[in-house]
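So this block is data-v9.tsv, TSV, C-alpha atoms and all ligand atoms:
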```tsv
chain	number	residue	atom	x	y	z
L	1	MET	CA	14.20	23.65	2.79
L	2	VAL	CA	13.50	26.25	0.11
L	3	PRO	CA	15.14	25.35	-3.21
L	4	ALA	CA	18.14	27.50	-3.98
L	5	ARG	CA	17.33	30.49	-6.20
L	6	PRO	CA	19.09	30.55	-9.55
L	7	GLY	CA	22.56	31.83	-8.94
L	8	VAL	CA	22.44	31.08	-5.22
L	9	ALA	CA	24.62	28.12	-4.28
L	10	VAL	CA	23.08	25.17	-2.47
L	11	PRO	CA	24.55	25.34	1.05
L	12	GLU	CA	27.51	23.06	1.46
L	13	THR	CA	25.84	21.62	4.57
L	14	ALA	CA	22.95	20.24	2.47
L	15	SER	CA	22.57	16.60	1.48
L	16	TRP	CA	22.57	15.62	-2.19
L	17	LEU	CA	21.55	12.76	-4.43
L	18	GLU	CA	24.01	11.18	-6.81
L	19	ILE	CA	22.20	9.64	-9.77
L	20	ASP	CA	23.86	7.49	-12.37
L	21	ARG	CA	21.89	7.73	-15.60
L	22	ALA	CA	24.03	5.10	-17.32
L	23	THR	CA	22.90	2.66	-14.63
L	24	ILE	CA	19.24	3.52	-15.29
L	25	VAL	CA	19.81	2.92	-19.01
L	26	ALA	CA	21.56	-0.38	-18.29
L	27	ASN	CA	18.67	-1.53	-16.08
L	28	ALA	CA	16.17	-0.50	-18.77
L	29	ARG	CA	18.12	-2.41	-21.41
L	30	ALA	CA	18.24	-5.50	-19.18
L	31	LEU	CA	14.49	-5.32	-18.60
L	32	ALA	CA	13.77	-4.72	-22.29
L	33	ALA	CA	15.90	-7.73	-23.21
L	34	LYS	CA	14.18	-9.90	-20.62
L	35	ALA	CA	10.69	-8.85	-21.71
L	36	ALA	CA	11.31	-9.01	-25.50
L	37	PRO	CA	9.45	-9.29	-27.79
L	38	ALA	CA	7.18	-7.34	-25.44
L	39	ALA	CA	7.93	-3.62	-25.52
L	40	LEU	CA	9.08	-1.67	-22.46
L	41	CYS	CA	7.19	1.22	-20.93
L	42	ALA	CA	9.61	2.92	-18.53
L	43	VAL	CA	7.56	4.47	-15.75
L	44	VAL	CA	8.96	7.91	-14.92
L	45	LYS	CA	6.04	9.25	-12.89
L	46	SER	CA	6.57	10.91	-9.50
L	47	ASN	CA	9.73	12.63	-10.67
L	48	ALA	CA	11.06	9.29	-11.92
L	49	TYR	CA	10.66	7.80	-8.43
L	50	GLY	CA	12.72	10.70	-7.09
L	51	HIS	CA	15.48	10.37	-9.68
L	52	GLY	CA	14.41	13.45	-11.70
L	53	MET	CA	11.88	12.95	-14.49
L	54	VAL	CA	13.40	15.03	-17.28
L	55	PRO	CA	17.06	13.93	-16.96
L	56	VAL	CA	15.96	10.29	-16.68
L	57	ALA	CA	13.63	10.57	-19.67
L	58	GLN	CA	16.35	12.27	-21.70
L	59	ALA	CA	18.84	9.51	-20.90
L	60	LEU	CA	16.30	6.85	-21.85
L	61	ALA	CA	15.41	8.68	-25.07
L	62	ASP	CA	19.11	8.94	-26.00
L	63	ALA	CA	19.51	5.20	-25.40
L	64	GLN	CA	17.24	4.43	-28.38
L	65	ILE	CA	15.71	1.29	-26.90
L	66	PRO	CA	13.42	-0.11	-29.63
L	67	GLY	CA	9.70	0.26	-28.86
L	68	LEU	CA	10.30	2.27	-25.69
L	69	ARG	CA	7.44	4.27	-24.18
L	70	LEU	CA	7.41	6.47	-21.10
L	71	GLY	CA	4.73	6.08	-18.44
L	72	VAL	CA	3.58	8.97	-16.25
L	73	PHE	CA	0.62	9.51	-13.94
L	74	THR	CA	-0.51	13.03	-14.81
L	75	ILE	CA	-1.03	14.95	-18.02
L	76	GLU	CA	1.12	17.72	-16.52
L	77	GLU	CA	4.04	15.29	-16.36
L	78	ALA	CA	3.42	14.33	-20.00
L	79	PHE	CA	3.27	17.97	-21.12
L	80	GLY	CA	6.44	18.60	-19.09
L	81	LEU	CA	8.25	15.86	-21.01
L	82	ARG	CA	7.04	17.20	-24.36
L	83	GLY	CA	8.07	20.70	-23.25
L	84	HIS	CA	11.58	19.38	-22.74
L	85	GLY	CA	11.71	17.97	-26.23
L	86	ILE	CA	11.03	14.32	-25.36
L	87	SER	CA	9.39	12.80	-28.43
L	88	LEU	CA	9.07	9.18	-27.24
L	89	PRO	CA	5.53	7.79	-27.01
L	90	ILE	CA	4.06	8.74	-23.63
L	91	PHE	CA	1.30	6.93	-21.78
L	92	VAL	CA	-0.57	8.67	-18.95
L	93	VAL	CA	-1.87	6.09	-16.46
L	94	GLY	CA	-3.80	8.49	-14.22
L	95	PRO	CA	-7.06	10.39	-14.74
L	96	VAL	CA	-7.04	13.33	-17.15
L	97	GLY	CA	-9.57	16.17	-17.24
L	98	ARG	CA	-11.63	16.64	-20.39
L	99	GLU	CA	-10.17	20.12	-20.86
L	100	ASN	CA	-6.82	18.48	-21.66
L	101	LEU	CA	-7.95	15.86	-24.18
L	102	ALA	CA	-7.49	17.96	-27.32
L	103	GLU	CA	-3.99	19.04	-26.30
L	104	ALA	CA	-3.10	15.46	-25.37
L	105	ALA	CA	-4.13	14.34	-28.86
L	106	ALA	CA	-2.22	17.20	-30.46
L	107	GLU	CA	0.89	16.29	-28.46
L	108	ASN	CA	0.50	12.63	-29.39
L	109	ILE	CA	0.09	11.56	-25.76
L	110	GLU	CA	-1.73	8.30	-25.05
L	111	LEU	CA	-4.23	8.29	-22.22
L	112	ALA	CA	-5.66	5.65	-19.94
L	113	MET	CA	-9.40	5.39	-20.27
L	114	LEU	CA	-10.42	4.66	-16.70
L	115	ASP	CA	-14.18	5.10	-16.97
L	116	GLU	CA	-16.58	4.01	-19.71
L	117	ARG	CA	-18.31	7.40	-19.53
L	118	ASP	CA	-15.20	8.88	-21.16
L	119	CYS	CA	-15.80	7.00	-24.43
L	120	GLU	CA	-17.53	9.88	-26.26
L	121	ALA	CA	-15.11	12.56	-25.12
L	122	PHE	CA	-12.03	10.46	-25.94
L	123	ALA	CA	-13.41	9.50	-29.35
L	124	ALA	CA	-14.40	13.08	-30.18
L	125	ALA	CA	-10.94	14.37	-29.24
L	126	ARG	CA	-9.29	11.67	-31.40
L	127	VAL	CA	-7.04	10.84	-28.47
L	128	ALA	CA	-5.22	7.49	-28.41
L	129	ALA	CA	-6.51	5.45	-25.47
L	130	HIS	CA	-5.58	2.39	-23.46
L	131	LEU	CA	-8.77	1.02	-21.92
L	132	LYS	CA	-8.13	-0.10	-18.35
L	133	VAL	CA	-9.89	-3.27	-17.28
L	134	GLU	CA	-10.29	-3.35	-13.52
L	135	SER	CA	-9.54	-6.91	-12.49
L	136	GLY	CA	-8.44	-6.95	-8.88
L	137	THR	CA	-7.44	-3.70	-7.23
L	138	ASN	CA	-10.81	-1.94	-7.24
L	139	ARG	CA	-9.18	1.29	-8.22
L	140	PHE	CA	-9.49	3.02	-11.59
L	141	GLY	CA	-10.83	1.16	-14.60
L	142	VAL	CA	-13.88	-0.43	-16.16
L	143	ALA	CA	-15.06	-3.52	-14.27
L	144	ALA	CA	-14.12	-6.66	-16.20
L	145	ALA	CA	-17.78	-7.71	-16.40
L	146	ARG	CA	-18.76	-4.44	-18.11
L	147	ALA	CA	-15.63	-4.00	-20.19
L	148	PRO	CA	-16.83	-5.91	-23.31
L	149	GLN	CA	-19.82	-3.55	-23.68
L	150	ALA	CA	-17.62	-0.52	-23.04
L	151	LEU	CA	-15.24	-1.80	-25.66
L	152	GLU	CA	-18.00	-2.30	-28.20
L	153	ARG	CA	-19.29	1.20	-27.59
L	154	CYS	CA	-15.80	2.68	-27.95
L	155	GLU	CA	-15.31	0.79	-31.18
L	156	GLN	CA	-18.67	2.02	-32.52
L	157	LEU	CA	-17.67	5.57	-31.71
L	158	GLY	CA	-14.39	5.13	-33.59
L	159	LEU	CA	-12.15	5.51	-30.54
L	160	ARG	CA	-8.43	5.17	-31.28
L	161	LEU	CA	-7.90	2.13	-29.06
L	162	THR	CA	-4.14	1.71	-28.71
L	163	GLY	CA	-4.14	-0.59	-25.72
L	164	LEU	CA	-6.19	-2.75	-23.41
L	165	TYR	CA	-4.67	-3.32	-20.02
L	166	SER	CA	-4.97	-4.12	-16.36
L	167	HIS	CA	-2.79	-3.83	-13.27
L	168	LEU	CA	-1.81	-6.67	-10.94
L	169	ALA	CA	-2.77	-6.43	-7.29
L	170	ASN	CA	-0.22	-8.65	-5.61
L	171	ALA	CA	2.65	-9.72	-7.84
L	172	GLU	CA	5.14	-8.30	-5.31
L	173	ASP	CA	4.01	-10.96	-2.83
L	174	ILE	CA	4.34	-13.67	-5.50
L	175	ASP	CA	0.58	-14.25	-5.55
L	176	LYS	CA	0.62	-15.95	-8.93
L	177	PRO	CA	-2.82	-17.61	-8.71
L	178	PHE	CA	-4.45	-14.20	-8.34
L	179	ALA	CA	-2.27	-12.72	-11.09
L	180	LEU	CA	-3.41	-15.53	-13.42
L	181	GLN	CA	-7.04	-14.75	-12.60
L	182	GLN	CA	-6.42	-11.12	-13.48
L	183	LEU	CA	-4.66	-12.10	-16.70
L	184	ASP	CA	-7.58	-14.32	-17.59
L	185	ALA	CA	-10.04	-11.47	-17.00
L	186	LEU	CA	-8.04	-9.22	-19.32
L	187	LYS	CA	-7.75	-11.86	-22.01
L	188	ARG	CA	-11.49	-12.52	-21.92
L	189	VAL	CA	-12.16	-8.84	-22.58
L	190	ALA	CA	-9.51	-8.82	-25.33
L	191	GLY	CA	-11.32	-11.74	-26.98
L	192	ALA	CA	-14.35	-9.49	-27.43
L	193	ALA	CA	-12.37	-6.74	-29.16
L	194	LYS	CA	-12.74	-6.30	-32.93
L	195	SER	CA	-9.42	-4.53	-33.18
L	196	ARG	CA	-6.13	-5.85	-31.83
L	197	PRO	CA	-4.97	-3.29	-29.25
L	198	MET	CA	-1.72	-3.89	-27.35
L	199	LEU	CA	-2.32	-5.93	-24.22
L	200	HIS	CA	-0.42	-5.21	-21.03
L	201	ILE	CA	-0.69	-6.12	-17.37
L	202	ALA	CA	2.77	-6.51	-15.84
L	203	ALA	CA	4.71	-3.97	-13.79
L	204	SER	CA	8.29	-4.72	-12.68
L	205	ALA	CA	7.62	-7.77	-10.51
L	206	ALA	CA	5.55	-9.75	-13.00
L	207	ALA	CA	7.64	-8.59	-15.96
L	208	MET	CA	10.74	-10.09	-14.38
L	209	MET	CA	9.27	-13.28	-12.91
L	210	TRP	CA	6.46	-14.43	-15.17
L	211	PRO	CA	6.90	-14.66	-18.95
L	212	GLU	CA	3.19	-15.25	-19.61
L	213	MET	CA	2.40	-11.82	-18.15
L	214	ARG	CA	4.61	-9.91	-20.58
L	215	LEU	CA	2.04	-9.83	-23.41
L	216	ASP	CA	2.74	-6.89	-25.78
L	217	MET	CA	4.24	-4.50	-23.24
L	218	VAL	CA	5.54	-4.38	-19.67
L	219	ARG	CA	5.34	-1.23	-17.55
L	220	CYS	CA	8.41	-1.08	-15.33
L	221	GLY	CA	9.12	1.58	-12.74
L	222	ILE	CA	11.03	0.49	-9.66
L	223	ALA	CA	13.29	-1.98	-11.49
L	224	ILE	CA	14.42	0.70	-13.97
L	225	TYR	CA	15.96	2.47	-10.99
L	226	GLY	CA	17.71	-0.67	-9.85
L	227	ALA	CA	15.50	-1.37	-6.84
L	228	TRP	CA	13.54	-4.57	-6.30
L	229	PRO	CA	9.75	-4.52	-6.05
L	230	SER	CA	10.04	-6.54	-2.84
L	231	PRO	CA	12.55	-8.79	-1.07
L	232	ALA	CA	10.40	-11.74	-2.16
L	233	VAL	CA	10.77	-10.85	-5.85
L	234	GLU	CA	14.50	-10.38	-5.36
L	235	ALA	CA	14.73	-13.86	-3.83
L	236	VAL	CA	12.73	-15.45	-6.68
L	237	MET	CA	14.94	-13.81	-9.29
L	238	ALA	CA	18.13	-14.77	-7.47
L	239	GLY	CA	16.98	-18.40	-7.60
L	240	GLU	CA	15.66	-18.42	-11.16
L	241	ASP	CA	18.01	-16.16	-13.02
L	242	PRO	CA	21.13	-15.26	-11.02
L	243	SER	CA	22.66	-13.65	-14.11
L	244	PHE	CA	19.93	-11.00	-14.15
L	245	VAL	CA	21.14	-8.01	-12.17
L	246	LEU	CA	19.66	-4.65	-11.27
L	247	ARG	CA	21.98	-1.92	-10.04
L	248	PRO	CA	20.70	0.91	-7.83
L	249	ALA	CA	21.07	4.21	-9.65
L	250	LEU	CA	20.72	6.58	-6.72
L	251	ARG	CA	22.80	7.32	-3.63
L	252	TRP	CA	22.06	9.89	-0.93
L	253	PHE	CA	24.91	11.66	0.79
L	254	ALA	CA	25.12	14.30	3.50
L	255	PRO	CA	28.04	16.10	5.13
L	256	ILE	CA	28.46	16.12	8.89
L	257	VAL	CA	27.87	19.72	9.95
L	258	GLN	CA	28.93	19.54	13.61
L	259	ILE	CA	30.58	17.08	15.96
L	260	ARG	CA	29.61	17.50	19.59
L	261	ASP	CA	30.66	15.92	22.86
L	262	ALA	CA	27.69	14.59	24.78
L	263	HIS	CA	27.95	13.54	28.41
L	264	PRO	CA	26.14	10.96	30.55
L	265	GLY	CA	22.88	12.35	31.85
L	266	GLU	CA	22.24	14.50	28.75
L	267	THR	CA	19.64	13.74	26.11
L	268	VAL	CA	19.46	14.18	22.34
L	269	GLY	CA	16.66	15.76	20.30
L	270	TYR	CA	12.95	16.35	20.71
L	271	GLY	CA	11.12	14.31	23.28
L	272	ARG	CA	14.48	13.55	24.95
L	273	THR	CA	14.09	9.97	23.72
L	274	PHE	CA	17.83	9.25	23.59
L	275	ALA	CA	19.61	9.37	26.93
L	276	VAL	CA	23.41	9.59	26.77
L	277	THR	CA	24.93	6.93	29.05
L	278	ARG	CA	28.64	7.25	28.19
L	279	GLU	CA	31.00	9.95	27.00
L	280	SER	CA	29.82	10.25	23.39
L	281	LYS	CA	30.67	11.81	20.04
L	282	ILE	CA	27.55	13.02	18.29
L	283	ALA	CA	27.38	14.10	14.65
L	284	VAL	CA	24.74	16.62	13.60
L	285	LEU	CA	23.42	16.62	10.03
L	286	ALA	CA	21.23	19.17	8.26
L	287	VAL	CA	18.86	16.48	6.97
L	288	GLY	CA	15.36	15.88	8.29
L	289	TYR	CA	11.94	14.71	7.29
L	290	ASP	CA	11.49	17.80	5.11
L	291	ASP	CA	14.26	16.28	3.00
L	292	GLY	CA	12.51	12.93	2.72
L	293	LEU	CA	14.24	11.21	5.64
L	294	PRO	CA	11.36	9.23	7.19
L	295	ARG	CA	10.82	10.30	10.80
L	296	ALA	CA	9.99	6.68	11.63
L	297	ALA	CA	13.59	5.68	10.82
L	298	GLY	CA	14.96	7.57	13.86
L	299	GLU	CA	15.52	6.48	17.45
L	300	GLY	CA	18.13	3.84	16.72
L	301	ARG	CA	16.25	2.03	13.97
L	302	MET	CA	18.59	3.06	11.16
L	303	ARG	CA	22.36	2.95	10.80
L	304	VAL	CA	23.99	5.24	8.26
L	305	ARG	CA	27.25	4.58	6.48
L	306	ILE	CA	30.38	6.55	7.30
L	307	GLY	CA	33.21	5.17	5.19
L	308	ASP	CA	33.31	1.48	6.03
L	309	ALA	CA	31.57	1.95	9.38
L	310	ARG	CA	27.93	2.29	10.33
L	311	ALA	CA	26.45	4.45	13.05
L	312	PRO	CA	22.89	4.78	14.37
L	313	ILE	CA	20.59	7.75	14.01
L	314	VAL	CA	19.79	8.56	17.64
L	315	GLY	CA	16.88	10.55	19.02
L	316	ARG	CA	14.02	11.70	16.86
L	317	ILE	CA	14.56	12.81	13.29
L	318	ALA	CA	13.46	16.45	13.15
L	319	MET	CA	12.18	18.54	10.25
L	320	ASN	CA	15.63	19.68	9.16
L	321	THR	CA	18.13	17.79	11.31
L	322	CYS	CA	19.13	14.40	12.54
L	323	VAL	CA	21.82	13.23	14.92
L	324	ILE	CA	24.14	10.26	14.64
L	325	ASP	CA	26.06	8.59	17.44
L	326	VAL	CA	29.58	8.20	16.05
L	327	THR	CA	31.27	7.28	19.33
L	328	ASP	CA	32.16	3.82	18.02
L	329	VAL	CA	33.42	4.99	14.64
L	330	ALA	CA	37.19	4.89	14.42
L	331	PRO	CA	38.73	7.28	13.72
L	332	TRP	CA	36.10	9.78	14.86
L	333	PRO	CA	34.69	11.65	11.89
L	334	ALA	CA	35.04	15.41	11.51
L	335	PRO	CA	32.73	18.13	10.19
L	336	GLY	CA	32.62	17.86	6.40
L	337	ASP	CA	32.97	14.07	6.42
L	338	ILE	CA	30.29	12.37	4.33
L	339	VAL	CA	27.53	10.10	5.55
L	340	GLU	CA	25.34	7.94	3.30
L	341	PHE	CA	21.68	7.10	3.80
L	342	GLU	CA	20.91	3.83	2.04
L	343	ILE	CA	17.42	3.51	0.62
L	344	GLU	CA	16.59	-0.14	1.39
L	345	PRO	CA	17.68	0.00	5.05
L	346	LEU	CA	15.85	3.33	5.40
L	347	ALA	CA	12.64	1.81	4.08
L	348	ARG	CA	12.98	-1.18	6.39
L	349	ALA	CA	13.75	0.98	9.42
L	350	ALA	CA	10.75	3.20	8.71
L	351	GLY	CA	8.43	0.22	8.18
L	352	THR	CA	7.73	1.19	4.60
L	353	ILE	CA	8.79	0.25	1.06
L	354	ASN	CA	11.63	1.54	-1.13
L	355	TYR	CA	9.01	3.00	-3.51
L	356	GLU	CA	7.79	5.41	-0.83
L	357	VAL	CA	11.25	6.52	0.27
L	358	LEU	CA	12.30	7.19	-3.34
L	359	ALA	CA	9.08	8.93	-4.41
L	360	ARG	CA	9.25	11.22	-1.39
L	361	LEU	CA	12.73	12.51	-2.11
L	362	PRO	CA	11.73	16.14	-2.58
L	363	GLU	CA	12.40	18.41	-5.53
L	364	HIS	CA	14.65	20.66	-3.48
L	365	LEU	CA	17.33	18.01	-2.93
L	366	GLN	CA	20.27	18.69	-5.16
L	367	ARG	CA	20.59	15.97	-7.79
L	368	ARG	CA	24.06	15.40	-9.19
L	369	TYR	CA	23.98	13.37	-12.38
L	370	LEU	CA	26.90	11.20	-13.32
Z	401	LIG	C1	-0.41	1.42	-13.88
Z	401	LIG	C2	1.00	1.22	-13.42
Z	401	LIG	N1	1.82	0.48	-14.16
Z	401	LIG	C3	3.09	0.26	-13.81
Z	401	LIG	C4	3.62	0.79	-12.64
Z	401	LIG	C5	5.05	0.52	-12.29
Z	401	LIG	O1	5.14	-0.31	-11.17
Z	401	LIG	P1	6.57	-0.83	-10.66
Z	401	LIG	O2	7.25	0.39	-10.11
Z	401	LIG	O3	6.24	-1.81	-9.60
Z	401	LIG	O4	7.27	-1.39	-11.81
Z	401	LIG	C6	2.80	1.55	-11.83
Z	401	LIG	C7	3.33	2.09	-10.57
Z	401	LIG	O5	2.70	2.34	-9.62
Z	401	LIG	C8	1.45	1.79	-12.23
Z	401	LIG	O6	0.64	2.54	-11.49
```

Could you render the structure from this file as structure tokens?
Amino acid sequence: MVPARPGVAVPETASWLEIDRATIVANARALAAKAAPAALCAVVKSNAYGHGMVPVAQALADAQIPGLRLGVFTIEEAFGLRGHGISLPIFVVGPVGRENLAEAAAENIELAMLDERDCEAFAAARVAAHLKVESGTNRFGVAAARAPQALERCEQLGLRLTGLYSHLANAEDIDKPFALQQLDALKRVAGAAKSRPMLHIAASAAAMMWPEMRLDMVRCGIAIYGAWPSPAVEAVMAGEDPSFVLRPALRWFAPIVQIRDAHPGETVGYGRTFAVTRESKIAVLAVGYDDGLPRAAGEGRMRVRIGDARAPIVGRIAMNTCVIDVTDVAPWPAPGDIVEFEIEPLARAAGTINYEVLARLPEHLQRRYL
């Protein structure tokens, strides 16, 4: 769906997201308290996991959480935050082109140094850097074995080394032995440093579960938004610290646009995958995979909420529509009644993770902030 032009109302048939910024702030405060004295880096990349980067960053900035940083993936996101008057420290975890180094330094934006060949350019631009030690994901970063030399070279060149960090490969699956190996690799590199940069390795899962991983800073994304990194992490935390709560900050609502009668022998949607076998009431919604509703969640795998009842999405989810069988909902809903898509059940139904469902909520969805 094309975003509404300024002055043109979003159609009243469209779905919308309701986002509670006070809940995001409360989650951030809870995480900051848990991680203290480590500082909190609130990860607001990918449009704040669908929640809206600027409004979320503004709420976090207003909350005045001591030591707070914001984490983004691209320099464009960082410039966007600065452009909206966000003055909190910002850390860019993704790769940044050399053409942007001078402006990053001028805007006081910290960058990840993901490749030792960037030493000269980063030092020359006087940009503040966090050197990434690659210790287990084989993605960006300087291999742990080579990191001490890279560090020495950076120090010789006078690089502003703000941080030294790594990223855990499997904390969400509670793979603590591997996390400890990664921590050890980072600490060995840190031992070779002449300066004392901030050390960090934990994202939400490790920050919540494992105190020894908190170091000087934790980088939390998913938990800020009140979602758990995995059901396994949720179970560990429920056992270890039942008083620690995260509250989901986002809800996704859509109005029923049409109610139709469907008769035995008819089918619903593309591919005719849902055959009507009884006199049925069918609700049609103007929400499809273009709106971030995973197509894999269709064909009976997902039940949406209608008041206190639940009803299945039947047939295939299309680009702009989906269909719900409301025959068993009493009383039958009417056009204009509101349906809710819940993120965790959606992720499960689609065979994916809450991160993906949230990050794919597109820009064009109307976001209503509480
Ligand atoms: C380098 C880095 N740190 C922290 C995070 C935040 O992870 P989580 O959302 O699991 O807290 C991410 C997210 O992908 C990341 O890439």

Quick one, how far is atom CA of Thr137 of chain L from atom CA of Ser195 of chain L?
26.0 Å

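Selecting all polymer residues at most 6 Å from ligand LIG 401 (chain Z), using all atoms listed in the file, gives Val43, Val93, His167, Ala203, Ser204, Arg219, Cys220, Gly221, Ile222 and Pro229 of chain L.
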
Residues of segment 163-262 of chain L at most 12 Å from segment 334-354 of chain L: nearest atom pair and distance in Å, all atoms listed in the file, as JSON lines:
```
{"residue": "L:Glu172", "atom": "CA", "partner": "L:Ile353", "partner_atom": "CA", "distance": 11.3}
{"residue": "L:Gly221", "atom": "CA", "partner": "L:Asn354", "partner_atom": "CA", "distance": 11.9}
{"residue": "L:Ile222", "atom": "CA", "partner": "L:Asn354", "partner_atom": "CA", "distance": 8.6}
{"residue": "L:Ala223", "atom": "CA", "partner": "L:Asn354", "partner_atom": "CA", "distance": 11.1}
{"residue": "L:Tyr225", "atom": "CA", "partner": "L:Asn354", "partner_atom": "CA", "distance": 10.8}
{"residue": "L:Gly226", "atom": "CA", "partner": "L:Asn354", "partner_atom": "CA", "distance": 10.9}
{"residue": "L:Ala227", "atom": "CA", "partner": "L:Asn354", "partner_atom": "CA", "distance": 7.5}
{"residue": "L:Trp228", "atom": "CA", "partner": "L:Asn354", "partner_atom": "CA", "distance": 8.2}
{"residue": "L:Pro229", "atom": "CA", "partner": "L:Asn354", "partner_atom": "CA", "distance": 8.0}
{"residue": "L:Ser230", "atom": "CA", "partner": "L:Ile353", "partner_atom": "CA", "distance": 7.9}
{"residue": "L:Pro231", "atom": "CA", "partner": "L:Glu344", "partner_atom": "CA", "distance": 9.9}
{"residue": "L:Pro248", "atom": "CA", "partner": "L:Ile343", "partner_atom": "CA", "distance": 9.4}
{"residue": "L:Ala249", "atom": "CA", "partner": "L:Ile343", "partner_atom": "CA", "distance": 10.9}
{"residue": "L:Leu250", "atom": "CA", "partner": "L:Ile343", "partner_atom": "CA", "distance": 8.6}
{"residue": "L:Arg251", "atom": "CA", "partner": "L:Glu342", "partner_atom": "CA", "distance": 6.9}
{"residue": "L:Trp252", "atom": "CA", "partner": "L:Phe341", "partner_atom": "CA", "distance": 5.5}
{"residue": "L:Phe253", "atom": "CA", "partner": "L:Glu340", "partner_atom": "CA", "distance": 4.5}
{"residue": "L:Ala254", "atom": "CA", "partner": "L:Val339", "partner_atom": "CA", "distance": 5.3}
{"residue": "L:Pro255", "atom": "CA", "partner": "L:Ile338", "partner_atom": "CA", "distance": 4.4}
{"residue": "L:Ile256", "atom": "CA", "partner": "L:Pro335", "partner_atom": "CA", "distance": 4.9}
{"residue": "L:Val257", "atom": "CA", "partner": "L:Pro335", "partner_atom": "CA", "distance": 5.1}
{"residue": "L:Gln258", "atom": "CA", "partner": "L:Pro335", "partner_atom": "CA", "distance": 5.3}
{"residue": "L:Ile259", "atom": "CA", "partner": "L:Pro335", "partner_atom": "CA", "distance": 6.2}
{"residue": "L:Arg260", "atom": "CA", "partner": "L:Pro335", "partner_atom": "CA", "distance": 9.9}
```

Determine the nearest neighbour of Leu370 of chain L from the options L:Ile306, L:Ala179, L:Leu199, L:Ala59, counting all atoms listed in the file.
L:Ala59

Dump as CSV the rows for residues of segment 236-353 of chain L within 12 Å of segment 205-218 of chain L: closest atom pair and distance in Å with one decimal, all atoms listed in the file counted, ordered by chain and rising residue number.
```
residue,atom,partner,partner_atom,distance
L:Val236,CA,L:Met209,CA,7.4
L:Met237,CA,L:Met209,CA,6.7
L:Ala238,CA,L:Met209,CA,10.5
L:Gly239,CA,L:Met209,CA,10.7
L:Glu240,CA,L:Met209,CA,8.4
L:Asp241,CA,L:Met209,CA,9.2
L:Phe244,CA,L:Met208,CA,9.2
L:Val245,CA,L:Met208,CA,10.8
L:Leu246,CA,L:Met208,CA,10.9
```

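Using all atoms listed in the file for every distance, the candidate list L:Val329, L:Ala26, L:Ala143, L:Val127 yields L:Val329 as the residue closest to Asp308 of chain L.
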
Just the residues within 7 Å of segment 180-194 of chain L, please, counting all atoms listed in the file, with nothing from its chain fewer than 5 positions along; format it as an mmCIF file with C-alpha atoms, keeping the file's coordinate frame.
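File written: selection28.cif
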```
data_model
loop_
_atom_site.group_PDB
_atom_site.id
_atom_site.type_symbol
_atom_site.label_atom_id
_atom_site.label_comp_id
_atom_site.auth_asym_id
_atom_site.auth_seq_id
_atom_site.Cartn_x
_atom_site.Cartn_y
_atom_site.Cartn_z
ATOM 1 C CA VAL L 133 -9.890 -3.270 -17.280
ATOM 2 C CA SER L 135 -9.540 -6.910 -12.490
ATOM 3 C CA GLY L 136 -8.440 -6.950 -8.880
ATOM 4 C CA ALA L 144 -14.120 -6.660 -16.200
ATOM 5 C CA ALA L 147 -15.630 -4.000 -20.190
ATOM 6 C CA PRO L 148 -16.830 -5.910 -23.310
ATOM 7 C CA LEU L 151 -15.240 -1.800 -25.660
ATOM 8 C CA TYR L 165 -4.670 -3.320 -20.020
ATOM 9 C CA SER L 166 -4.970 -4.120 -16.360
ATOM 10 C CA LEU L 168 -1.810 -6.670 -10.940
#
```

Between segment 48-130 of chain L and segment 27-31 of chain L, at 12 Å or less, what are the per-residue closest atom pairs and their distances in Å? Count only C-alpha atoms, order by chain and rising residue number, and return it as JSON lines.
```
{"residue": "L:Val56", "atom": "CA", "partner": "L:Ala28", "partner_atom": "CA", "distance": 11.0}
{"residue": "L:Ala57", "atom": "CA", "partner": "L:Ala28", "partner_atom": "CA", "distance": 11.4}
{"residue": "L:Ala59", "atom": "CA", "partner": "L:Ala28", "partner_atom": "CA", "distance": 10.6}
{"residue": "L:Leu60", "atom": "CA", "partner": "L:Ala28", "partner_atom": "CA", "distance": 8.0}
{"residue": "L:Ala61", "atom": "CA", "partner": "L:Ala28", "partner_atom": "CA", "distance": 11.2}
{"residue": "L:Ala63", "atom": "CA", "partner": "L:Arg29", "partner_atom": "CA", "distance": 8.7}
{"residue": "L:Gln64", "atom": "CA", "partner": "L:Arg29", "partner_atom": "CA", "distance": 9.8}
{"residue": "L:Ile65", "atom": "CA", "partner": "L:Arg29", "partner_atom": "CA", "distance": 7.0}
{"residue": "L:Pro66", "atom": "CA", "partner": "L:Arg29", "partner_atom": "CA", "distance": 9.7}
{"residue": "L:Gly67", "atom": "CA", "partner": "L:Arg29", "partner_atom": "CA", "distance": 11.6}
{"residue": "L:Leu68", "atom": "CA", "partner": "L:Ala28", "partner_atom": "CA", "distance": 9.5}
{"residue": "L:Arg69", "atom": "CA", "partner": "L:Ala28", "partner_atom": "CA", "distance": 11.3}
{"residue": "L:Leu70", "atom": "CA", "partner": "L:Ala28", "partner_atom": "CA", "distance": 11.4}
```

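Checking L:Tyr369, L:Phe73, L:Tyr49, L:Trp16 one by one against Ile90 of chain L, counting all atoms listed in the file, you find the shortest gap at L:Phe73.
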
Asn320 of chain L surroundings by only C-alpha atoms, 12 Å radius, close-in-sequence under 4 positions cut, as a ChimeraX atom specification:
/L:1-2,13-15,269,284-295,316

Pick out the residues sitting within 10 Å of Ser46 of chain L, and hand them over as an MDAnalysis selection string; count all atoms listed in the file, and ignore anything fewer than 5 positions along from it in its own chain.
chainID L and resid 51:53 72:74 77 358:361

Quote the spacing between atom CA of Glu110 of chain L and atom CA of Ala171 of chain L in Å to one decimal place.
25.3 Å

Just give me the gap between atom CA of Trp332 of chain L and atom CA of Val268 of chain L in Å, one decimal is fine.
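So the two atoms, atom CA of Trp332 of chain L and atom CA of Val268 of chain L, lie 18.8 Å apart.
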